[in-house]
>>> print(open('entry_28.pdb').read())   # PDB, C-alpha atoms
ATOM      1  CA  MET A   1      66.700  23.092  -0.056
ATOM      2  CA  ASN A   2      66.685  23.412  -3.838
ATOM      3  CA  LEU A   3      66.396  26.560  -5.948
ATOM      4  CA  LYS A   4      62.640  26.241  -6.333
ATOM      5  CA  THR A   5      62.208  26.072  -2.586
ATOM      6  CA  LEU A   6      64.500  29.063  -2.154
ATOM      7  CA  SER A   7      62.505  31.035  -4.715
ATOM      8  CA  ALA A   8      59.259  30.115  -3.006
ATOM      9  CA  ALA A   9      60.659  31.139   0.349
ATOM     10  CA  ALA A  10      61.689  34.492  -1.089
ATOM     11  CA  ALA A  11      58.185  35.054  -2.440
ATOM     12  CA  VAL A  12      56.658  34.103   0.892
ATOM     13  CA  LEU A  13      58.836  36.694   2.614
ATOM     14  CA  ALA A  14      57.739  39.326   0.125
ATOM     15  CA  LEU A  15      54.073  38.444   0.638
ATOM     16  CA  ALA A  16      54.465  38.593   4.401
ATOM     17  CA  GLY A  17      55.080  42.312   4.130
ATOM     18  CA  LEU A  18      58.696  42.408   5.180
ATOM     19  CA  ALA A  19      59.161  45.532   3.110
ATOM     20  CA  GLY A  20      57.058  47.352   5.699
ATOM     21  CA  SER A  21      59.767  48.680   7.979
ATOM     22  CA  SER A  22      57.324  49.695  10.696
ATOM     23  CA  THR A  23      55.826  46.249  11.176
ATOM     24  CA  ALA A  24      57.121  44.100  13.981
ATOM     25  CA  GLY A  25      58.028  40.686  12.662
ATOM     26  CA  ALA A  26      56.277  39.030   9.738
ATOM     27  CA  ALA A  27      52.938  37.346   9.267
ATOM     28  CA  VAL A  28      52.667  33.910   7.741
ATOM     29  CA  PRO A  29      51.236  34.296   4.226
ATOM     30  CA  GLY A  30      47.476  34.141   4.533
ATOM     31  CA  THR A  31      44.493  34.109   2.227
ATOM     32  CA  VAL A  32      44.696  37.092  -0.128
ATOM     33  CA  SER A  33      42.115  35.882  -2.653
ATOM     34  CA  GLY A  34      38.383  36.173  -2.166
ATOM     35  CA  ASN A  35      35.138  34.749  -3.446
ATOM     36  CA  GLY A  36      33.742  37.521  -5.618
ATOM     37  CA  GLY A  37      33.401  40.419  -3.191
ATOM     38  CA  ASN A  38      33.805  44.105  -4.024
ATOM     39  CA  ARG A  39      36.421  45.047  -1.427
ATOM     40  CA  ILE A  40      40.122  45.593  -1.970
ATOM     41  CA  GLY A  41      42.600  45.770   0.889
ATOM     42  CA  THR A  42      46.173  46.990   0.915
ATOM     43  CA  LEU A  43      48.925  46.988   3.479
ATOM     44  CA  ARG A  44      51.256  49.938   3.004
ATOM     45  CA  VAL A  45      54.995  50.269   3.609
ATOM     46  CA  ASN A  46      54.401  52.238   6.825
ATOM     47  CA  GLY A  47      52.165  49.485   8.264
ATOM     48  CA  ASP A  48      48.823  51.212   7.561
ATOM     49  CA  ALA A  49      45.953  49.048   6.318
ATOM     50  CA  TYR A  50      43.485  50.546   3.838
ATOM     51  CA  VAL A  51      40.284  49.048   2.405
ATOM     52  CA  LYS A  52      37.987  50.282  -0.360
ATOM     53  CA  GLU A  53      34.516  49.029  -1.244
ATOM     54  CA  GLY A  54      32.718  49.215  -4.580
ATOM     55  CA  GLY A  55      34.295  49.947  -7.935
ATOM     56  CA  LEU A  56      37.998  49.928  -8.696
ATOM     57  CA  SER A  57      38.070  53.733  -8.364
ATOM     58  CA  ALA A  58      36.365  53.838  -4.948
ATOM     59  CA  THR A  59      37.932  55.845  -2.124
ATOM     60  CA  TRP A  60      40.365  54.240   0.290
ATOM     61  CA  VAL A  61      39.495  54.118   3.999
ATOM     62  CA  LYS A  62      42.285  53.767   6.542
ATOM     63  CA  GLU A  63      41.443  50.887   8.832
ATOM     64  CA  SER A  64      44.358  50.629  11.251
ATOM     65  CA  GLY A  65      48.073  51.201  11.733
ATOM     66  CA  ASN A  66      50.970  48.948  12.782
ATOM     67  CA  ILE A  67      49.536  46.076  10.733
ATOM     68  CA  LYS A  68      51.366  43.100   9.254
ATOM     69  CA  GLN A  69      48.462  41.237   7.632
ATOM     70  CA  VAL A  70      45.031  42.154   6.264
ATOM     71  CA  ALA A  71      42.290  39.644   5.369
ATOM     72  CA  LEU A  72      38.866  40.224   3.778
ATOM     73  CA  SER A  73      35.723  38.110   3.485
ATOM     74  CA  GLY A  74      32.227  39.395   2.777
ATOM     75  CA  ASP A  75      31.529  42.266   5.174
ATOM     76  CA  ARG A  76      34.332  41.231   7.526
ATOM     77  CA  ILE A  77      37.814  42.712   7.722
ATOM     78  CA  GLY A  78      40.582  41.105   9.729
ATOM     79  CA  VAL A  79      43.946  42.562  10.636
ATOM     80  CA  LEU A  80      46.969  41.299  12.504
ATOM     81  CA  THR A  81      48.942  43.908  14.376
ATOM     82  CA  GLY A  82      52.683  44.041  14.772
ATOM     83  CA  ASP A  83      52.415  42.731  18.336
ATOM     84  CA  GLY A  84      50.476  39.639  17.234
ATOM     85  CA  VAL A  85      46.910  40.689  18.076
ATOM     86  CA  ALA A  86      44.131  39.638  15.682
ATOM     87  CA  TRP A  87      41.197  42.032  15.270
ATOM     88  CA  VAL A  88      38.042  41.587  13.177
ATOM     89  CA  LYS A  89      35.252  44.011  12.306
ATOM     90  CA  GLU A  90      31.908  43.209  10.706
ATOM     91  CA  GLY A  91      29.696  45.550   8.705
ATOM     92  CA  GLY A  92      30.793  48.823   7.152
ATOM     93  CA  LEU A  93      34.350  49.961   6.666
ATOM     94  CA  SER A  94      34.054  52.123   9.795
ATOM     95  CA  ALA A  95      32.625  49.387  12.044
ATOM     96  CA  THR A  96      34.111  48.760  15.489
ATOM     97  CA  TRP A  97      37.024  46.374  15.893
ATOM     98  CA  VAL A  98      36.678  43.264  18.080
ATOM     99  CA  LYS A  99      39.799  41.749  19.624
ATOM    100  CA  GLU A 100      39.893  38.083  18.672
ATOM    101  CA  ALA A 101      43.193  36.556  19.810
ATOM    102  CA  THR A 102      46.769  37.265  20.899
ATOM    103  CA  ASP A 103      50.103  35.630  20.057
ATOM    104  CA  VAL A 104      48.925  35.227  16.446
ATOM    105  CA  LYS A 105      51.071  34.979  13.307
ATOM    106  CA  GLN A 106      48.305  34.480  10.708
ATOM    107  CA  ILE A 107      44.604  35.291  10.448
ATOM    108  CA  ALA A 108      42.151  33.779   7.943
ATOM    109  CA  LEU A 109      38.512  34.611   7.169
ATOM    110  CA  SER A 110      35.777  32.852   5.219
ATOM    111  CA  GLY A 111      32.075  33.563   5.594
ATOM    112  CA  LYS A 112      31.206  33.256   9.283
ATOM    113  CA  ARG A 113      34.456  31.491  10.119
ATOM    114  CA  ILE A 114      37.578  33.090  11.573
ATOM    115  CA  GLY A 115      40.858  31.225  11.876
ATOM    116  CA  VAL A 116      44.078  32.095  13.654
ATOM    117  CA  LEU A 117      47.467  30.446  13.630
ATOM    118  CA  LYS A 118      49.301  31.016  16.888
ATOM    119  CA  ASP A 119      53.012  31.613  17.350
ATOM    120  CA  ASN A 120      53.285  28.122  18.893
ATOM    121  CA  GLY A 121      51.861  26.453  15.759
ATOM    122  CA  GLU A 122      48.377  25.818  17.122
ATOM    123  CA  ALA A 123      45.506  26.554  14.718
ATOM    124  CA  TYR A 124      42.095  27.648  15.998
ATOM    125  CA  VAL A 125      38.838  28.313  14.135
ATOM    126  CA  LYS A 126      35.539  29.805  15.316
ATOM    127  CA  GLU A 127      32.198  29.870  13.520
ATOM    128  CA  GLY A 128      29.329  32.311  13.980
ATOM    129  CA  GLY A 129      29.527  35.716  15.607
ATOM    130  CA  LEU A 130      32.728  37.568  16.376
ATOM    131  CA  GLY A 131      32.420  36.402  19.993
ATOM    132  CA  ALA A 132      32.016  32.692  19.160
ATOM    133  CA  THR A 133      34.109  30.069  20.931
ATOM    134  CA  TRP A 134      37.413  28.960  19.483
ATOM    135  CA  VAL A 135      37.935  25.322  18.496
ATOM    136  CA  LYS A 136      41.480  23.980  18.361
ATOM    137  CA  GLU A 137      42.029  22.378  14.980
ATOM    138  CA  SER A 138      45.637  21.217  14.820
ATOM    139  CA  ASP A 139      49.175  21.506  16.176
ATOM    140  CA  LYS A 140      52.479  22.190  14.414
ATOM    141  CA  VAL A 141      50.801  24.202  11.657
ATOM    142  CA  LYS A 142      52.681  26.586   9.368
ATOM    143  CA  GLU A 143      49.779  27.726   7.151
ATOM    144  CA  LEU A 144      46.002  27.883   7.691
ATOM    145  CA  GLU A 145      43.375  28.303   4.955
ATOM    146  CA  LEU A 146      39.575  28.581   5.100
ATOM    147  CA  SER A 147      36.949  28.335   2.355
ATOM    148  CA  GLY A 148      33.263  27.671   2.927
ATOM    149  CA  ASN A 149      32.976  24.569   5.117
ATOM    150  CA  ARG A 150      36.527  23.453   4.400
ATOM    151  CA  ILE A 151      39.646  24.031   6.486
ATOM    152  CA  GLY A 152      43.137  23.386   5.172
ATOM    153  CA  VAL A 153      46.493  23.335   6.904
ATOM    154  CA  VAL A 154      50.090  22.654   6.045
ATOM    155  CA  THR A 155      51.971  21.168   8.971
ATOM    156  CA  GLY A 156      55.622  21.630   9.792
ATOM    157  CA  ASP A 157      56.527  18.328   8.167
ATOM    158  CA  GLY A 158      55.142  19.513   4.820
ATOM    159  CA  VAL A 159      51.883  17.574   4.880
ATOM    160  CA  ALA A 160      48.719  19.257   3.564
ATOM    161  CA  TRP A 161      45.501  18.299   5.337
ATOM    162  CA  VAL A 162      41.898  19.304   4.621
ATOM    163  CA  LYS A 163      38.677  18.752   6.559
ATOM    164  CA  GLU A 164      35.137  19.355   5.377
ATOM    165  CA  ALA A 165      31.904  20.108   7.292
ATOM    166  CA  GLY A 166      31.945  20.900  11.011
ATOM    167  CA  LEU A 167      34.894  22.277  12.938
ATOM    168  CA  SER A 168      35.436  18.876  14.546
ATOM    169  CA  ALA A 169      35.403  16.870  11.302
ATOM    170  CA  SER A 170      38.219  14.437  10.570
ATOM    171  CA  TRP A 171      41.301  15.508   8.657
ATOM    172  CA  VAL A 172      42.103  13.996   5.258
ATOM    173  CA  ARG A 173      45.731  13.821   4.194
ATOM    174  CA  GLU A 174      45.998  15.493   0.788
ATOM    175  CA  SER A 175      49.662  15.900  -0.134
ATOM    176  CA  ASP A 176      53.238  15.565   1.068
ATOM    177  CA  ASN A 177      56.132  17.985   0.456
ATOM    178  CA  ALA A 178      53.669  20.900   0.462
ATOM    179  CA  ILE A 179      54.827  24.470   1.007
ATOM    180  CA  GLY A 180      51.448  26.066   0.347
ATOM    181  CA  ILE A 181      47.728  25.257   0.180
ATOM    182  CA  ASP A 182      44.762  27.142  -1.243
ATOM    183  CA  LEU A 183      41.039  26.413  -1.172
ATOM    184  CA  ALA A 184      38.104  27.725  -3.225
ATOM    185  CA  GLY A 185      34.685  26.097  -3.390
ATOM    186  CA  ASN A 186      35.247  22.414  -4.123
ATOM    187  CA  ARG A 187      38.792  22.974  -5.359
ATOM    188  CA  ILE A 188      41.985  22.288  -3.435
ATOM    189  CA  GLY A 189      45.365  23.442  -4.650
ATOM    190  CA  VAL A 190      48.822  22.691  -3.330
ATOM    191  CA  LEU A 191      52.226  24.088  -4.166
ATOM    192  CA  VAL A 192      54.929  21.521  -3.532
ATOM    193  CA  GLY A 193      58.572  22.043  -2.782
ATOM    194  CA  ASN A 194      59.826  21.670  -6.356
ATOM    195  CA  GLY A 195      57.601  24.524  -7.596
ATOM    196  CA  VAL A 196      54.876  22.311  -9.064
ATOM    197  CA  VAL A 197      51.198  23.213  -8.598
ATOM    198  CA  TRP A 198      48.529  20.539  -8.307
ATOM    199  CA  VAL A 199      44.769  21.194  -8.156
ATOM    200  CA  LYS A 200      41.848  18.829  -7.560
ATOM    201  CA  GLU A 201      38.138  19.489  -7.948
ATOM    202  CA  GLY A 202      35.291  17.686  -6.200
ATOM    203  CA  SER A 203      35.606  15.527  -3.127
ATOM    204  CA  LEU A 204      38.578  15.470  -0.792
ATOM    205  CA  SER A 205      39.711  12.247  -2.466
ATOM    206  CA  ALA A 206      39.448  13.531  -6.049
ATOM    207  CA  SER A 207      42.380  13.064  -8.405
ATOM    208  CA  TRP A 208      45.096  15.688  -8.680
ATOM    209  CA  VAL A 209      45.776  17.537 -11.934
ATOM    210  CA  ARG A 210      49.242  18.977 -12.541
ATOM    211  CA  GLU A 211      48.732  22.629 -13.445
ATOM    212  CA  ALA A 212      52.076  24.435 -13.656
ATOM    213  CA  ASP A 213      55.802  24.349 -12.891
ATOM    214  CA  ASP A 214      58.272  26.960 -11.576
ATOM    215  CA  VAL A 215      55.567  28.493  -9.346
ATOM    216  CA  VAL A 216      56.115  30.539  -6.183
ATOM    217  CA  GLN A 217      52.491  31.479  -5.417
ATOM    218  CA  LEU A 218      49.155  29.777  -6.122
ATOM    219  CA  GLU A 219      45.720  31.396  -5.796
ATOM    220  CA  LEU A 220      42.227  30.016  -6.431
ATOM    221  CA  SER A 221      38.864  31.762  -6.739
ATOM    222  CA  GLY A 222      35.717  30.287  -8.228
ATOM    223  CA  ASN A 223      36.658  28.658 -11.541
ATOM    224  CA  ARG A 224      39.888  30.648 -11.876
ATOM    225  CA  ILE A 225      43.398  29.520 -11.028
ATOM    226  CA  GLY A 226      46.256  31.985 -10.799
ATOM    227  CA  VAL A 227      49.969  31.369 -10.484
ATOM    228  CA  LEU A 228      53.001  33.561  -9.994
ATOM    229  CA  LYS A 229      56.093  32.093 -11.605
ATOM    230  CA  ASP A 230      59.581  32.492 -10.180
ATOM    231  CA  SER A 231      60.273  34.698 -13.217
ATOM    232  CA  GLY A 232      57.697  37.221 -11.943
ATOM    233  CA  ASP A 233      55.211  36.303 -14.674
ATOM    234  CA  VAL A 234      51.535  35.957 -13.710
ATOM    235  CA  TYR A 235      49.232  33.505 -15.456
ATOM    236  CA  VAL A 236      45.504  32.912 -14.918
ATOM    237  CA  LYS A 237      43.169  30.287 -16.354
ATOM    238  CA  GLU A 238      39.375  30.219 -16.251
ATOM    239  CA  GLY A 239      37.061  27.234 -16.567
ATOM    240  CA  GLY A 240      38.032  23.604 -16.129
ATOM    241  CA  LEU A 241      41.288  22.376 -14.674
ATOM    242  CA  GLY A 242      42.562  21.755 -18.201
ATOM    243  CA  ALA A 243      41.807  25.273 -19.489
ATOM    244  CA  SER A 244      44.515  27.262 -21.232
ATOM    245  CA  TRP A 245      46.702  29.730 -19.346
ATOM    246  CA  VAL A 246      46.568  33.445 -20.149
ATOM    247  CA  HIS A 247      49.629  35.587 -19.455
ATOM    248  CA  GLU A 248      48.500  38.501 -17.282
ATOM    249  CA  TYR A 249      51.531  40.420 -16.040
ATOM    250  CA  THR A 250      55.300  40.551 -15.665
ATOM    251  CA  HIS A 251      57.597  41.644 -12.819
ATOM    252  CA  ALA A 252      55.029  40.788 -10.127
ATOM    253  CA  ILE A 253      55.735  39.704  -6.545
ATOM    254  CA  GLN A 254      52.142  38.824  -5.576
ATOM    255  CA  ILE A 255      48.859  37.816  -7.177
ATOM    256  CA  ALA A 256      45.303  37.883  -5.798
ATOM    257  CA  LEU A 257      42.003  36.665  -7.284
ATOM    258  CA  SER A 258      38.345  37.248  -6.461
ATOM    259  CA  GLY A 259      35.436  36.441  -8.741
ATOM    260  CA  ASN A 260      36.133  38.353 -11.964
ATOM    261  CA  ARG A 261      38.899  40.456 -10.382
ATOM    262  CA  ILE A 262      42.634  39.860 -10.656
ATOM    263  CA  GLY A 263      45.159  41.801  -8.605
ATOM    264  CA  VAL A 264      48.927  42.030  -8.889
ATOM    265  CA  LEU A 265      51.589  43.694  -6.785
ATOM    266  CA  LYS A 266      54.842  44.850  -8.359
ATOM    267  CA  GLY A 267      58.211  44.967  -6.676
ATOM    268  CA  ASP A 268      58.117  48.776  -6.692
ATOM    269  CA  GLY A 269      54.959  48.714  -4.524
ATOM    270  CA  ASP A 270      52.377  49.485  -7.217
ATOM    271  CA  ALA A 271      49.167  47.473  -6.822
ATOM    272  CA  ARG A 272      46.951  46.977  -9.867
ATOM    273  CA  VAL A 273      43.543  45.314 -10.253
ATOM    274  CA  LYS A 274      41.489  44.408 -13.318
ATOM    275  CA  GLU A 275      37.809  43.475 -13.425
ATOM    276  CA  GLY A 276      35.998  41.433 -16.054
ATOM    277  CA  GLY A 277      37.570  39.059 -18.550
ATOM    278  CA  LEU A 278      41.139  37.840 -18.432
ATOM    279  CA  SER A 279      42.092  40.516 -20.976
ATOM    280  CA  ALA A 280      40.483  43.438 -19.110
ATOM    281  CA  THR A 281      42.437  46.651 -18.524
ATOM    282  CA  TRP A 282      44.564  47.114 -15.423
ATOM    283  CA  VAL A 283      43.766  49.924 -12.973
ATOM    284  CA  LEU A 284      46.470  51.315 -10.685
ATOM    285  CA  GLU A 285      45.029  51.142  -7.162
ATOM    286  CA  ALA A 286      47.797  52.335  -4.847
ATOM    287  CA  GLY A 287      51.537  52.737  -4.406
ATOM    288  CA  ASP A 288      53.859  51.815  -1.527
ATOM    289  CA  VAL A 289      51.943  48.550  -1.064
ATOM    290  CA  THR A 290      53.429  45.465   0.584
ATOM    291  CA  GLU A 291      50.350  43.221   0.505
ATOM    292  CA  LEU A 292      47.199  43.150  -1.614
ATOM    293  CA  ALA A 293      43.983  41.349  -0.598
ATOM    294  CA  LEU A 294      40.622  40.922  -2.357
ATOM    295  CA  SER A 295      37.307  39.937  -0.767
TER
END
>>> encode(input="entry_28.pdb", output="structure tokens")
Amino acid sequence: MNLKTLSAAAAVLALAGLAGSSTAGAAVPGTVSGNGGNRIGTLRVNGDAYVKEGGLSATWVKESGNIKQVALSGDRIGVLTGDGVAWVKEGGLSATWVKEATDVKQIALSGKRIGVLKDNGEAYVKEGGLGATWVKESDKVKELELSGNRIGVVTGDGVAWVKEAGLSASWVRESDNAIGIDLAGNRIGVLVGNGVVWVKEGSLSASWVREADDVVQLELSGNRIGVLKDSGDVYVKEGGLGASWVHEYTHAIQIALSGNRIGVLKGDGDARVKEGGLSATWVLEAGDVTELALS
């Protein structure tokens, strides 16, 4: 394991919420970036999950306690409790929780799809209502990502796979030596073990474009790409894959994107979000945060 891999592993641990002393175990890093929604979710040091809806100064609503992962998509909120139970609610922030699965280490949401990664490495996805039937997607999975009609996984051997269309579509092998995958629209991004980020746009067999080096986290949303460098610097680009990078923040441990929103989490637990152009003003959202998610 080289230094880049060690740095990436350290960032993954930070994103998993290990700073939250009340959480039992750690969640696999899940989707924290959204597709242009107006919800912001935070996981606090004490394991409480809060979500706000509307403007950046909206009021926080406590959703649940003893949480180790929060995921947002549209009007759905998903949480993973410390004992490995995945819950999802649909509608308002005070809607009723529905128990989705047990023995879970990661939850993912996108539109009407819900995905869970089990402790044993099995990945399942359901489509439709909260009570829809689970479909087993793959074995030996270490990360699961959903976006629209695409499903992405990274398997234990470091291979990134993506399928498109129905839940039973065929997998396409996308990359080797992957330690992370992200999906947004018709874009696929992978972070490989040496800290290099590659992104492709279009079909599953499109050509890869090398985007950045020394990266520990990659996030995609719409036509924006965001990276967190191992130095703690955050960069975002907007437009084509060859657009110029804009330096957004320093001393960050997490980044999240959604539409025209950018979120960052600092090592001291302060979560900030900006809305609008890449040079918009940051707004302090909350302190004592261990994970930030945007819808």
>>> atom_distance(input="entry_28.pdb", atom1="atom CA of A:Gly82", atom2="atom CA of A:Ile67")
5.5 Å
>>> atom_distance(input="entry_28.pdb", atom1="atom CA of A:Trp87", atom2="atom CA of A:Ala101")
7.4 Å
>>> residues_around(input="entry_28.pdb", residues="A:Ser175", least_positions_apart="4", cutoff="8 Å", atoms="all atoms listed in the file", output="mmCIF file with C-alpha atoms, keeping the file's coordinate frame")
data_model
loop_
_atom_site.group_PDB
_atom_site.id
_atom_site.type_symbol
_atom_site.label_atom_id
_atom_site.label_comp_id
_atom_site.auth_asym_id
_atom_site.auth_seq_id
_atom_site.Cartn_x
_atom_site.Cartn_y
_atom_site.Cartn_z
ATOM 1 C CA VAL A 159 51.883 17.574 4.880
ATOM 2 C CA ALA A 160 48.719 19.257 3.564
ATOM 3 C CA TRP A 161 45.501 18.299 5.337
ATOM 4 C CA VAL A 190 48.822 22.691 -3.330
#
>>> atom_distance(input="entry_28.pdb", atom1="atom CA of A:Gly226", atom2="atom CA of A:Ala293")
14.0 Å
>>> axis_aligned_box(input="entry_28.pdb", around="stretch 35-50 of chain A", padding_each_side="5 Å", output="lines of an AutoDock Vina configuration file")
center_x = 44.2
center_y = 43.5
center_z = 1.3
size_x = 31.6
size_y = 27.5
size_z = 23.9
>>> residues_around(input="entry_28.pdb", residues="A:Val227", least_positions_apart="3", cutoff="8 Å", atoms="all atoms listed in the file", output="list in words")
Ala212, Val215, Val216, Gln217, Leu218, Glu219, Val234, Tyr235, Val236 and Ile255 of chain A
>>> closest_residue(input="entry_28.pdb", among="A:Thr133, A:Ser33, A:Thr81, A:Ser231", to="A:Arg113", atoms="all atoms listed in the file")
A:Thr133
>>> resolve_selection(input="entry_28.pdb", expression="the PyMOL selection byres ((chain A and resi 258) around 9)", output="PDB file with C-alpha atoms, in the frame of the given file")
ATOM      1  CA  VAL A  32      44.696  37.092  -0.128  1.00  0.00           C
ATOM      2  CA  SER A  33      42.115  35.882  -2.653  1.00  0.00           C
ATOM      3  CA  GLY A  34      38.383  36.173  -2.166  1.00  0.00           C
ATOM      4  CA  ASN A  35      35.138  34.749  -3.446  1.00  0.00           C
ATOM      5  CA  GLY A  36      33.742  37.521  -5.618  1.00  0.00           C
ATOM      6  CA  GLY A  37      33.401  40.419  -3.191  1.00  0.00           C
ATOM      7  CA  ASN A  38      33.805  44.105  -4.024  1.00  0.00           C
ATOM      8  CA  LEU A 220      42.227  30.016  -6.431  1.00  0.00           C
ATOM      9  CA  SER A 221      38.864  31.762  -6.739  1.00  0.00           C
ATOM     10  CA  GLY A 222      35.717  30.287  -8.228  1.00  0.00           C
ATOM     11  CA  ARG A 224      39.888  30.648 -11.876  1.00  0.00           C
ATOM     12  CA  ALA A 256      45.303  37.883  -5.798  1.00  0.00           C
ATOM     13  CA  LEU A 257      42.003  36.665  -7.284  1.00  0.00           C
ATOM     14  CA  GLY A 259      35.436  36.441  -8.741  1.00  0.00           C
ATOM     15  CA  ASN A 260      36.133  38.353 -11.964  1.00  0.00           C
ATOM     16  CA  ARG A 261      38.899  40.456 -10.382  1.00  0.00           C
ATOM     17  CA  ILE A 262      42.634  39.860 -10.656  1.00  0.00           C
ATOM     18  CA  GLY A 263      45.159  41.801  -8.605  1.00  0.00           C
ATOM     19  CA  LEU A 294      40.622  40.922  -2.357  1.00  0.00           C
ATOM     20  CA  SER A 295      37.307  39.937  -0.767  1.00  0.00           C
TER      21      SER A 295
END
>>> build_atoms(input="entry_28.pdb", residues="stretch 263-275 of chain A", atoms="N, CA, C and O atoms", output="PDB file, keeping the file's coordinate frame")
ATOM      1  N   GLY A 263      44.277  40.770  -9.136  1.00  0.00           N
ATOM      2  CA  GLY A 263      45.159  41.801  -8.605  1.00  0.00           C
ATOM      3  C   GLY A 263      46.604  41.357  -8.666  1.00  0.00           C
ATOM      4  O   GLY A 263      46.907  40.167  -8.515  1.00  0.00           O
ATOM      5  N   VAL A 264      47.499  42.317  -8.907  1.00  0.00           N
ATOM      6  CA  VAL A 264      48.927  42.030  -8.889  1.00  0.00           C
ATOM      7  C   VAL A 264      49.638  43.132  -8.120  1.00  0.00           C
ATOM      8  O   VAL A 264      49.208  44.294  -8.098  1.00  0.00           O
ATOM      9  N   LEU A 265      50.723  42.749  -7.486  1.00  0.00           N
ATOM     10  CA  LEU A 265      51.589  43.694  -6.785  1.00  0.00           C
ATOM     11  C   LEU A 265      52.972  43.612  -7.409  1.00  0.00           C
ATOM     12  O   LEU A 265      53.523  42.520  -7.560  1.00  0.00           O
ATOM     13  N   LYS A 266      53.508  44.787  -7.779  1.00  0.00           N
ATOM     14  CA  LYS A 266      54.842  44.850  -8.359  1.00  0.00           C
ATOM     15  C   LYS A 266      55.891  45.070  -7.274  1.00  0.00           C
ATOM     16  O   LYS A 266      55.587  45.529  -6.168  1.00  0.00           O
ATOM     17  N   GLY A 267      57.122  44.797  -7.619  1.00  0.00           N
ATOM     18  CA  GLY A 267      58.211  44.967  -6.676  1.00  0.00           C
ATOM     19  C   GLY A 267      58.420  46.402  -6.238  1.00  0.00           C
ATOM     20  O   GLY A 267      58.984  46.658  -5.166  1.00  0.00           O
ATOM     21  N   ASP A 268      57.965  47.366  -7.067  1.00  0.00           N
ATOM     22  CA  ASP A 268      58.117  48.776  -6.692  1.00  0.00           C
ATOM     23  C   ASP A 268      56.975  49.270  -5.814  1.00  0.00           C
ATOM     24  O   ASP A 268      56.897  50.454  -5.491  1.00  0.00           O
ATOM     25  N   GLY A 269      56.042  48.360  -5.426  1.00  0.00           N
ATOM     26  CA  GLY A 269      54.959  48.714  -4.524  1.00  0.00           C
ATOM     27  C   GLY A 269      53.671  49.129  -5.189  1.00  0.00           C
ATOM     28  O   GLY A 269      52.697  49.443  -4.506  1.00  0.00           O
ATOM     29  N   ASP A 270      53.616  49.142  -6.525  1.00  0.00           N
ATOM     30  CA  ASP A 270      52.377  49.485  -7.217  1.00  0.00           C
ATOM     31  C   ASP A 270      51.443  48.275  -7.233  1.00  0.00           C
ATOM     32  O   ASP A 270      51.847  47.169  -7.605  1.00  0.00           O
ATOM     33  N   ALA A 271      50.192  48.516  -6.811  1.00  0.00           N
ATOM     34  CA  ALA A 271      49.167  47.473  -6.822  1.00  0.00           C
ATOM     35  C   ALA A 271      48.160  47.783  -7.923  1.00  0.00           C
ATOM     36  O   ALA A 271      47.637  48.905  -7.990  1.00  0.00           O
ATOM     37  N   ARG A 272      47.896  46.810  -8.773  1.00  0.00           N
ATOM     38  CA  ARG A 272      46.951  46.977  -9.867  1.00  0.00           C
ATOM     39  C   ARG A 272      45.884  45.890  -9.803  1.00  0.00           C
ATOM     40  O   ARG A 272      46.166  44.755  -9.414  1.00  0.00           O
ATOM     41  N   VAL A 273      44.659  46.259 -10.220  1.00  0.00           N
ATOM     42  CA  VAL A 273      43.543  45.314 -10.253  1.00  0.00           C
ATOM     43  C   VAL A 273      42.808  45.488 -11.571  1.00  0.00           C
ATOM     44  O   VAL A 273      42.653  46.605 -12.071  1.00  0.00           O
ATOM     45  N   LYS A 274      42.359  44.365 -12.144  1.00  0.00           N
ATOM     46  CA  LYS A 274      41.489  44.408 -13.318  1.00  0.00           C
ATOM     47  C   LYS A 274      40.190  43.681 -12.981  1.00  0.00           C
ATOM     48  O   LYS A 274      40.150  42.801 -12.105  1.00  0.00           O
ATOM     49  N   GLU A 275      39.135  44.051 -13.680  1.00  0.00           N
ATOM     50  CA  GLU A 275      37.809  43.475 -13.425  1.00  0.00           C
ATOM     51  C   GLU A 275      37.165  43.120 -14.750  1.00  0.00           C
ATOM     52  O   GLU A 275      37.153  43.936 -15.679  1.00  0.00           O
TER      53      GLU A 275
END
